[in-house]
Each structure stands twice: as C-alpha cells, then as structure tokens.
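Data first, discussion second: the structure below is written as structure tokens.
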Amino acid sequence: MMARALAGVVPSQPKEFAAFVVDEETRAAVLQAAAEAGLVEPHVAQSKFEDALRRLRKIPTPKILVVDLGGCPDLIADITRLSEVCDEGTHVIALGDVNDINLYRQFVSFGLHDYFVKPIVPANLAAAMTNAGKESETATPTDQVGHVVSIIGARGGVGASALAVNVAWTLANEHKRRVALVDLDLFFGTCGLALDLDLGRGFREALENPSRIDGLFIERAMMKCSDKLFVLCAEEALECAINFDATAVELLIDHLRRDFQFVIVDMPRFAARTQSSILTPPSSVAIVTDPSLAGMRDTMRLVGLLKKVAPKAEPSVVLNKSGANSSAELTKADFEKGAEAKVSLVIPYDPKTFGASASTGKALAKVAAGARVTKAVANLAGRLVAVKAPAAKGKTGGLLQRFLGGARA
C-alpha cells in the first residue's frame with residue numbers, strides 16, 4: 001500500500017475504484033475488467049499522468065487505483081510522486097509499456113499492488129482488482145507480516161525436508177496457524193511426497209511468470225493439505241529446462257507472507273546463495289545436518305556463506321540423526337568447535353518413526369505422537385510460535401537460537 005499524511009484534513013469517503021488511462025483502448029479494457037471484478041460505478045478517466053496527479057492531490061484516493069504510466073519518461077520518479085499523493089489503504093495497480101522484471105520488482109518495493117504491461121488483458125486485471133479488494137477488507141499491519149522459516153540441509157539425506165514438513169504440519173494442525181510450505185527443489189523435492197499430495201504445474205508457472213504473481217494466482221497454484229496448511233511444490237521432468245529470474249521467488253514469498261502467519265521454505269543448499277533475499281526479517285534460518293565430519297564441514301561453509309549474502313540471517317544449527325553411527329559421528333562439542341557455530345537443537349536418530357511417516361505420507365505426530373523425535377519437532381514449532389518480539393541488540397545467535405538455547409530432544 002501507499003500512504004501520505006493528511007495533516008489537518010478530514011477527507012470525504014473515498015471511492016471504491018478509480019482509474020486514469022492515456023488511451024481509449026486501455027480505457028475500454030479497464031472498464032471491462034472493473035465490470036468483471038464487480039466494481040460498482042467505476043470512474044475511468046482518460047488523462048495523462050500529470051493530469052491524474054493533479055486530480056489525485058485534491059481528492060481522497062480510492063481503495064483501488066489504476067494509473068497508466070504509458071509515455072512517462074522516468075517511471076521510478078513518477079511512481080515516487082504517485083506514492084506521495086496516495087492515502088493509507090489505497091491499492092495501486094500500474095499499467096505501462098515497459099516489460100522488465102527488475103522494474104516490476106522496484107514497483108513492488110514501492111508498494112504497488114501489481115503492474116501490467118499493455119495491451120491489457122481484462123481478465124488478468126480483473127483478478128488483480130478482486131484480490132486488491134479482498135486485501136482492503138483484511139488488511140494486515142506491516143509489523144504483522146508472516147514469519148519466514150528457511151530450512152537448509154547441509155548435505156543430502158540429513159532430514160531437512162522431513163523437518164520442514166513436520167514443523168509446517170505442527171504449526172498448522174497443533175498451533176492452528178495459517179502456514180504455507182514451499183519446496184524450492186522443483187525436480188527432486190519431497191515435501192509433496194511426504195504429505196501424499198498430487199502435484200501440479202502451478203508452482204513452475206508462478207516462477208516463470210512473475211508479473212502474474214498475485215493472491216489469486218498463488219491460491220490456484222497451492223495444494224491444500226488441511227484447513228491451515230497449504231503447499232507449493234513440484235516434480236518437474238528432469239529433461240525439462242526451467243528458466244526463472246531469482247527475483248520471482250522473492251516476489252512469491254512477499255505475497256505469501258501477506259496471507260500466511262508462517263512461510264516454511266525447504267531451501268536446497270545451492271539456493272542459499274541465489275535466494276538470500278528472502279532471508280529478510282522477520283525470518284529464521286535453520287541449517288540441518290548430521291553429526292558427521294562432512295556435515296561439520298558443510299555447515300561451516302553454509303554459515304560462512306550466509307554471513308556474506310544475508311548478514312542479518314544469524315542461522316541456527318539443528319543436529320539431526322544423533323546416535324545413528326555413534327562410532328563415527330562427532331560429539332556436539334567437537335562439532336561446534338569444527339563448524340565454528342553453536343548447535344541449537346539435537347534430534348535423536350529414530351528410523352522407525354521416520355520410516356512409518358515416509359511410507360504412509362503422514363506427519364510424525366500422526367504415526368507416533370509420543371516419540372522423542374516428534375516431541376523435538378513440537379518443541380521447535382512451539383518456540384517459533386513464541387517468536388514475536390524483535391531481536392535484542394547485538395549478536396543473538398538467531399531467532400531459533402534465542403529460544404532453543406541449545407536444547408536437546
């Protein structure tokens with residue numbers, strides 16, 4: 001949303017919808033979109049951007065505002081000027097001639113609800129208008145955006161995906177939080193498999209068409225696991241090439257955190273570098289590893305990487321499968337010394353419970369509620385729910401670290 005301070009002014013009731021466009025073809029498309037979105041008495045004026053600014057300065061801006069930037073010489077400067085005349089609660093949808101993902105990203109960072117390249121497809125614009133109307137009715141303060149939890153496996157097979165799935169399930173079903181689970185491995189991801197879900201192509205389409213990412217598009221792409229748990233995952237063919245801009249994931253997560261209390265991201269370790277932008281507060285990062293020498297080495301490397309690409313991330317380390325091979329694994333103290341990182345949580349090796357969960361497509365709590373490993377997951381989920389206050393000044397060891405305090409299951 002965009003806002004201006006109206007000192008000493010008591011505005012009249014703002015209109016539900018208004019649009020300012022520069023040509024008749026766009027005006028006709030906007031009118032059709034408004035009709036499809038069910039907007040009553042749509043005000044669609046044909047005027048240049050400068051004229052639109054002058055008119056907007058004199059009136060309370062509508063709840064949904066469409067502005068045509070066609071012909072504007074400096075789009076970023078003009079969006080900045082537009083932001084200065086819009087009231088709190090206004091959802092701005094911009095139209096323009098430039099098709100550029102980086103420009104789109106900048107627009108979103110300025111608070112635009114959406115941006116469409118002309119010529120306009122009325123159905124797409126209507127969907128954005130409908131979504132903007134829903135957000136106006138259920139607007140969430142910026143300090144209440146969803147908490148992103150990125151879970152990264154230091155190595156393959158350490159149980160990071162299983163932990164992501166079960167933390168998400170516990171938050172949704174035990175703590176009754178609205179949760180989005182996102183598996184960023186579009187080829188080999190297992191989150192959908194672990195929950196026995198039928199996979200679709202919506203996730204890939206969202207990433208390959210970032211300009212179409214909005215609430216309704218995401219809703220169609222997500223799979224419903226329960227009343228509170230929704231999943232974005234894929235199982236693309238190995239011979240299939242997937243090309244998407246790294247900013248597409250950031251835009252997707254930004255939309256999800258507006259609509260969900262928690263966004264759990266199963267992040268492949270190769271994505272920790274390219275997708276570091278989603279690790280912005282409020283967020284937590286957990287590096288999952290086993291207590292092996294290779295696990296120690298790769299944990300140290302990941303911690304070092306995150307310090308460079310996401311210095312505010314302050315990752316926590318979860319030591320999984322403790323006791324699987326006691327003769328070869330490192331002690332917690334030796335692991336911490338070698339990895340140069342504190343271990344926040346130790347999860348015991350429990351192949352029976354994990355095996356039952358994997359073979360049935362059910363969460364740990366469904367197959368063995370009293371198991372130690374299930375209690376460890378419940379402990380982690382409960383402490384995430386408790387994360388509400390901002391971090392204290394100085395180095396804290398991460399949000400997970402502050403609440404886990406080096407816990408052992």
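Naming works like this for the structure tokens: A, B, ... for the chains as they're shown, residue 1 at the start of each chain, ligands 1 onward in shown order.
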Could you give me, as a VMD selection string, each residue of range 124-197 of chain A that DSSP assigns to alpha helix (DSSP H) when run on this structure's backbone?
chain A and resid 124 to 137 160 to 173 191 to 194
Using backbone DSSP assignments, extract all strand (DSSP E) residues from range 92-296 of chain A; output them as a PyMOL selection string.
chain A and resi 92-96+114-117+147-153+179-183+223-224+229-232+262-267+283-289
Save the residues we just selected, C-alpha atoms, as a JSON list (two decimals), in the first residue's frame?
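Saved to out.json:
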[["chain", "number", "residue", "atom", "x", "y", "z"],
["A", 92, "VAL", "CA", -2.31, 0.91, -6.67],
["A", 93, "ILE", "CA", -2.25, -1.07, -9.91],
["A", 94, "ALA", "CA", 0.02, 0.45, -12.55],
["A", 95, "LEU", "CA", -0.17, -0.02, -16.32],
["A", 96, "GLY", "CA", 2.70, 0.64, -18.69],
["A", 114, "ASP", "CA", 0.54, -5.00, -9.24],
["A", 115, "TYR", "CA", 1.86, -3.91, -12.63],
["A", 116, "PHE", "CA", 0.55, -4.90, -16.07],
["A", 117, "VAL", "CA", 2.15, -4.39, -19.47],
["A", 147, "HIS", "CA", 7.36, -15.14, 9.59],
["A", 148, "VAL", "CA", 9.59, -16.92, 7.06],
["A", 149, "VAL", "CA", 11.45, -20.01, 8.28],
["A", 150, "SER", "CA", 14.08, -21.24, 5.80],
["A", 151, "ILE", "CA", 15.31, -24.78, 6.44],
["A", 152, "ILE", "CA", 18.52, -25.75, 4.64],
["A", 153, "GLY", "CA", 20.14, -29.18, 4.58],
["A", 179, "VAL", "CA", 1.03, -21.95, 7.14],
["A", 180, "ALA", "CA", 2.50, -22.06, 3.63],
["A", 181, "LEU", "CA", 5.08, -24.78, 2.94],
["A", 182, "VAL", "CA", 7.30, -24.05, -0.08],
["A", 183, "ASP", "CA", 9.64, -26.68, -1.56],
["A", 223, "MET", "CA", -2.31, -27.51, -2.78],
["A", 224, "LYS", "CA", -4.46, -27.69, 0.33],
["A", 229, "LEU", "CA", -1.66, -25.91, 5.73],
["A", 230, "PHE", "CA", -1.08, -25.11, 2.05],
["A", 231, "VAL", "CA", 1.80, -26.40, -0.05],
["A", 232, "LEU", "CA", 3.72, -25.17, -3.09],
["A", 262, "PHE", "CA", 4.27, -18.71, 8.74],
["A", 263, "VAL", "CA", 6.04, -19.46, 5.46],
["A", 264, "ILE", "CA", 8.21, -22.59, 5.81],
["A", 265, "VAL", "CA", 10.75, -22.81, 2.98],
["A", 266, "ASP", "CA", 12.54, -26.08, 2.24],
["A", 267, "MET", "CA", 15.58, -24.46, 0.62],
["A", 283, "SER", "CA", 12.64, -14.66, 9.44],
["A", 284, "SER", "CA", 14.57, -17.59, 10.88],
["A", 285, "VAL", "CA", 17.14, -19.85, 9.25],
["A", 286, "ALA", "CA", 17.88, -23.41, 10.35],
["A", 287, "ILE", "CA", 20.78, -25.41, 8.92],
["A", 288, "VAL", "CA", 20.05, -29.12, 9.35],
["A", 289, "THR", "CA", 22.97, -31.55, 9.42]]
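Interatomic distance, CA of Val303 in chain A to CA of His255 in chain A: 27.3 Å.
By only C-alpha atoms, and with residues fewer than 4 positions from range 321-323 of chain A along its chain excluded, the set lying at most 7 Å from it is Asp290, Pro291, Val346, Ile347, Pro348 and Tyr349 of chain A.
You can rank A:Ala234, A:Ile64, A:Ala378, A:Ala206 by their closest distance to Gly189 in chain A using only C-alpha atoms, and at the top of that list sits A:Ala234.
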Could you name the residues that touch range 41-51 of chain A at 6 Å or less, counting only C-alpha atoms, but leaving out those on the same chain fewer than 6 positions away, as a ChimeraX atom specification?
/A:17-22
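In this comparison, which uses only C-alpha atoms, the residue of A:Glu235, A:Asp196, A:Glu16, A:Asp68 approaching Gly89 in chain A most closely is A:Glu16.
Residues within 7 Å of range 308-312 of chain A, counting only C-alpha atoms and excluding same-chain residues fewer than 5 positions away, are Arg273, Ser276 and Leu279 of chain A.
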Can those selected residues be exported to a file as a short mmCIF file (atom, residue, chain, number, x, y, z; two decimals), in the first residue's frame so that it contains C-alpha atoms?
data_model
loop_
_atom_site.label_atom_id
_atom_site.label_comp_id
_atom_site.auth_asym_id
_atom_site.auth_seq_id
_atom_site.Cartn_x
_atom_site.Cartn_y
_atom_site.Cartn_z
CA ARG A 273 23.27 -18.04 -2.41
CA SER A 276 19.32 -14.94 0.05
CA LEU A 279 16.01 -14.28 4.39
#
